[in-house]
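S.K.: Handing you this structure, nothing more for now.
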Amino acid sequence: MFKIFLTILTLILLTSGILEAIENGEENSNATNLHEMVYFTVVTLSTVGYGDVVPDTELGRLVVMMLIMTTIVLIPQQTNELIRLMGMQSVYARALFKANSEVPHIIVTGHVGVPALKNFCAELFHPDHGNQDKNAVILQ
């Protein structure tokens, strides 16, 4: 989601800066400022297109066409990737997990005191649990 946000923000700011430079570089065009170009870019990307601010130059219009084509390609691509990644976190995806019985292990994380660690190890390796090979990893 963050990647989509950054892509849109980059497209808006980059295109606005390019349009502002192009539109102010021409002698016969109306002077614009960066705020107007950011407004124009947001309105264009949101497909509202009010028409109150438009590029006057041919090069400016070409930049807008490139922005629209780039957006049509990039945003759906990244949205599909986001949907794919969100699908991997499904509760039903756990059915794909296969436990490896050859290497049983337990990972303990956090701040574990010595008394708690002694109790944990006594219970984990207690004879009542059979002679199973167990590995414990403790991260503090």
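If you're wondering about the labels, chains in the structure tokens are A, B, ... by order shown, residues count from 1 in each chain, ligands from 1 in order shown.
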Could you pull out the strand (DSSP E) residues of chain A, going by DSSP on the backbone, and write them as JSON, numbers by chain?
M.R.: {"A": [105, 106, 107, 108, 109, 135, 136, 137, 138, 139]}
S.K.: Name the residues in contact with segment 41-51 of chain A at a cut-off of 9 Å, using only C-alpha atoms, excluding same-chain residues fewer than 6 positions from it; report them as a PyMOL selection string.
M.R.: chain A and resi 8+11-13+15-16+64+67-68+71
S.K.: Could you dump the residues just selected with C-alpha atoms as a compact mmCIF listing (two decimals), in the first residue's frame?
M.R.:
```txt
# COMPACT_ATOMS: atom_id res chain seq x y z
CA ILE A 8 1.16 8.33 -6.95
CA LEU A 11 3.89 10.96 -10.33
CA ILE A 12 2.04 14.03 -9.03
CA LEU A 13 5.13 15.95 -7.93
CA THR A 15 4.68 15.75 -13.48
CA SER A 16 3.71 19.00 -11.75
CA VAL A 64 -0.01 14.91 -19.64
CA LEU A 67 1.32 10.76 -17.31
CA ILE A 68 -2.04 9.19 -18.11
CA THR A 71 -0.65 5.78 -14.55
```
S.K.: Extract, using only C-alpha atoms, all DNA, RNA and protein residues at most 10 Å from Gln78 of chain A, discarding same-chain residues fewer than 5 positions from it, and format them as a ChimeraX atom specification.
M.R.: /A:1,3-4,7,73,83-84
S.K.: Output C-alpha atoms for every residue in the selection just made, as a PDB file, in the first residue's frame.
M.R.:
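And here is the file that came out, out04.pdb:
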```pdb
ATOM      1  CA  MET A   1       0.000   0.000   0.000  1.00  0.00           C
ATOM      2  CA  LYS A   3       4.422   1.635  -2.563  1.00  0.00           C
ATOM      3  CA  ILE A   4       1.233   2.691  -4.358  1.00  0.00           C
ATOM      4  CA  THR A   7       4.163   6.020  -6.759  1.00  0.00           C
ATOM      5  CA  VAL A  73       0.079   0.857 -16.457  1.00  0.00           C
ATOM      6  CA  ILE A  83      -3.915  -7.879  -3.615  1.00  0.00           C
ATOM      7  CA  ARG A  84      -1.601 -10.856  -4.143  1.00  0.00           C
TER       8      ARG A  84
END
```
S.K.: Which one is closest to Leu124 of chain A: A:Gly110, A:Phe5, A:Met37, A:His105? Count only C-alpha atoms.
M.R.: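 Smallest distance to Leu124 of chain A is found for A:His105.
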S.K.: Mind pulling up the distance from atom CA of Ile107 of chain A to atom CA of Asn119 of chain A?
M.R.: 15.3 Å
S.K.: So, with only C-alpha atoms as the atoms that count, which of A:Glu26, A:Asp133, A:Glu20, A:Asp128 lies closest to Phe40 of chain A?
M.R.: A:Glu20
S.K.: Need the shell around segment 22-24 of chain A: protein/DNA/RNA residues with any atom at most 7 Å away, counting only C-alpha atoms. Skip same-chain ones fewer than 5 positions apart. Format as an MDAnalysis selection string?
M.R.: chainID A and resid 29 31:32 55:57 60
S.K.: Any idea what the distance is between atom CA of Glu58 of chain A and atom CA of Tyr39 of chain A?
M.R.: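 It comes out at 19.4 Å.
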S.K.: Tell me which of A:Met86, A:Leu74, A:Glu123, A:Ile106 sits closest to Ile138 of chain A, counting only C-alpha atoms.
M.R.: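 Ranked by minimum distance to Ile138 of chain A, first place goes to A:Ile106.
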